[in-house]
Amino acid sequence: MNYQGVIIEESLENKDVLKDVRVLGTKVEPVTENHKTPWIKQWTLHTVEIPENQAESIAEKLSWSLDSEHNWYADFKNDDIHFIIFRGKVFKVDRTKKEEYDAATAYGISLGIPDYQLDFSPDIKEWER
């Protein structure tokens with residue numbers, strides 16, 4: 001089963017990874033104070049699809065494509081597995097295991113990412129929050 005998620009273009013230091021995914025749609029949001037990213041003016045959100053057989057390699061590539069100066073994450077999921085990706089670290093979460101989500105959330109908080117942006121939930125199976 002393929003994976004779906006959102007990649008914020010401005011979070012990428014190397015945008016080549018976008019060539020490896022299927023972009024299903026794009027929307028642009030102006031940055032507000034809630035985004036906590038005052039160094040950019042907008043977020044370009046690409047809704048993407050990733051083939052199941054390429055998920056791990058794309059997660060790893062995405063991990064090293066994220067901005068090295070600021071802490072970001074990206075994620076994509078299917079009904080069973082949720083990849084939560086930080087620079088240099090990938091969590092492959094079983095969507096039925098709250099403790100695996102807790103570990104990814106704690107890691108994101110340790111990087112200074114606001115907890116309300118780490119809105120993972122094993123109870124939500126829709127790919128778009």
# chains A, B, ... in the order shown; residues from 1 in each chain; ligands from 1
>>> select_by_dssp(residues="chain A", states="alpha helix (DSSP H)", output="count of residues only")
24
>>> residues_around(residues="Gln42 (chain A)", least_positions_apart="2", cutoff="9 Å", atoms="only C-alpha atoms", output="MDAnalysis selection string")
chainID A and resid 10 28:32 37 40 44
>>> write_last_selection(atoms="N, CA and C atoms", output="PDB file, in the first residue's frame")
ATOM      1  N   GLU A  10       9.956  24.508   1.781  1.00  0.00           N
ATOM      2  CA  GLU A  10      10.908  25.391   2.463  1.00  0.00           C
ATOM      3  C   GLU A  10      11.709  24.657   3.540  1.00  0.00           C
ATOM      4  N   VAL A  28       0.010  26.892  -0.959  1.00  0.00           N
ATOM      5  CA  VAL A  28       0.953  27.831  -0.364  1.00  0.00           C
ATOM      6  C   VAL A  28       0.232  28.558   0.767  1.00  0.00           C
ATOM      7  N   GLU A  29       0.886  28.592   1.935  1.00  0.00           N
ATOM      8  CA  GLU A  29       0.357  29.304   3.098  1.00  0.00           C
ATOM      9  C   GLU A  29       1.325  30.415   3.470  1.00  0.00           C
ATOM     10  N   PRO A  30       0.833  31.625   3.714  1.00  0.00           N
ATOM     11  CA  PRO A  30       1.723  32.649   4.245  1.00  0.00           C
ATOM     12  C   PRO A  30       2.119  32.260   5.670  1.00  0.00           C
ATOM     13  N   VAL A  31       3.340  32.553   6.046  1.00  0.00           N
ATOM     14  CA  VAL A  31       3.817  32.240   7.390  1.00  0.00           C
ATOM     15  C   VAL A  31       3.154  33.168   8.398  1.00  0.00           C
ATOM     16  N   THR A  32       2.684  32.573   9.489  1.00  0.00           N
ATOM     17  CA  THR A  32       2.126  33.333  10.607  1.00  0.00           C
ATOM     18  C   THR A  32       3.018  33.087  11.830  1.00  0.00           C
ATOM     19  N   THR A  37       8.425  30.038  12.076  1.00  0.00           N
ATOM     20  CA  THR A  37       9.477  30.037  11.042  1.00  0.00           C
ATOM     21  C   THR A  37       9.618  31.444  10.452  1.00  0.00           C
ATOM     22  N   ILE A  40      11.305  32.606   6.884  1.00  0.00           N
ATOM     23  CA  ILE A  40      10.716  32.429   5.553  1.00  0.00           C
ATOM     24  C   ILE A  40       9.365  33.137   5.494  1.00  0.00           C
ATOM     25  N   THR A  44       5.243  26.134   1.333  1.00  0.00           N
ATOM     26  CA  THR A  44       4.718  25.497   0.135  1.00  0.00           C
ATOM     27  C   THR A  44       4.544  24.024   0.473  1.00  0.00           C
TER      28      THR A  44
END
>>> closest_residue(among="A:Val6, A:Ala59, A:Leu24, A:Met1", to="Lys89 (chain A)", atoms="only C-alpha atoms")
A:Ala59
>>> atom_distance(atom1="CA of Leu18 (chain A)", atom2="CA of Ile81 (chain A)")
20.8 Å
>>> residues_around(residues="Phe76 (chain A)", least_positions_apart="2", cutoff="9 Å", atoms="only C-alpha atoms", output="MDAnalysis selection string")
chainID A and resid 3:7 48:50 55 59 74 78 81:85 127
>>> residues_around(residues="Leu66 (chain A)", least_positions_apart="4", cutoff="12 Å", atoms="only C-alpha atoms", output="NGL selection string")
:A and (7-18 or 59-62 or 70-75 or 85-90)
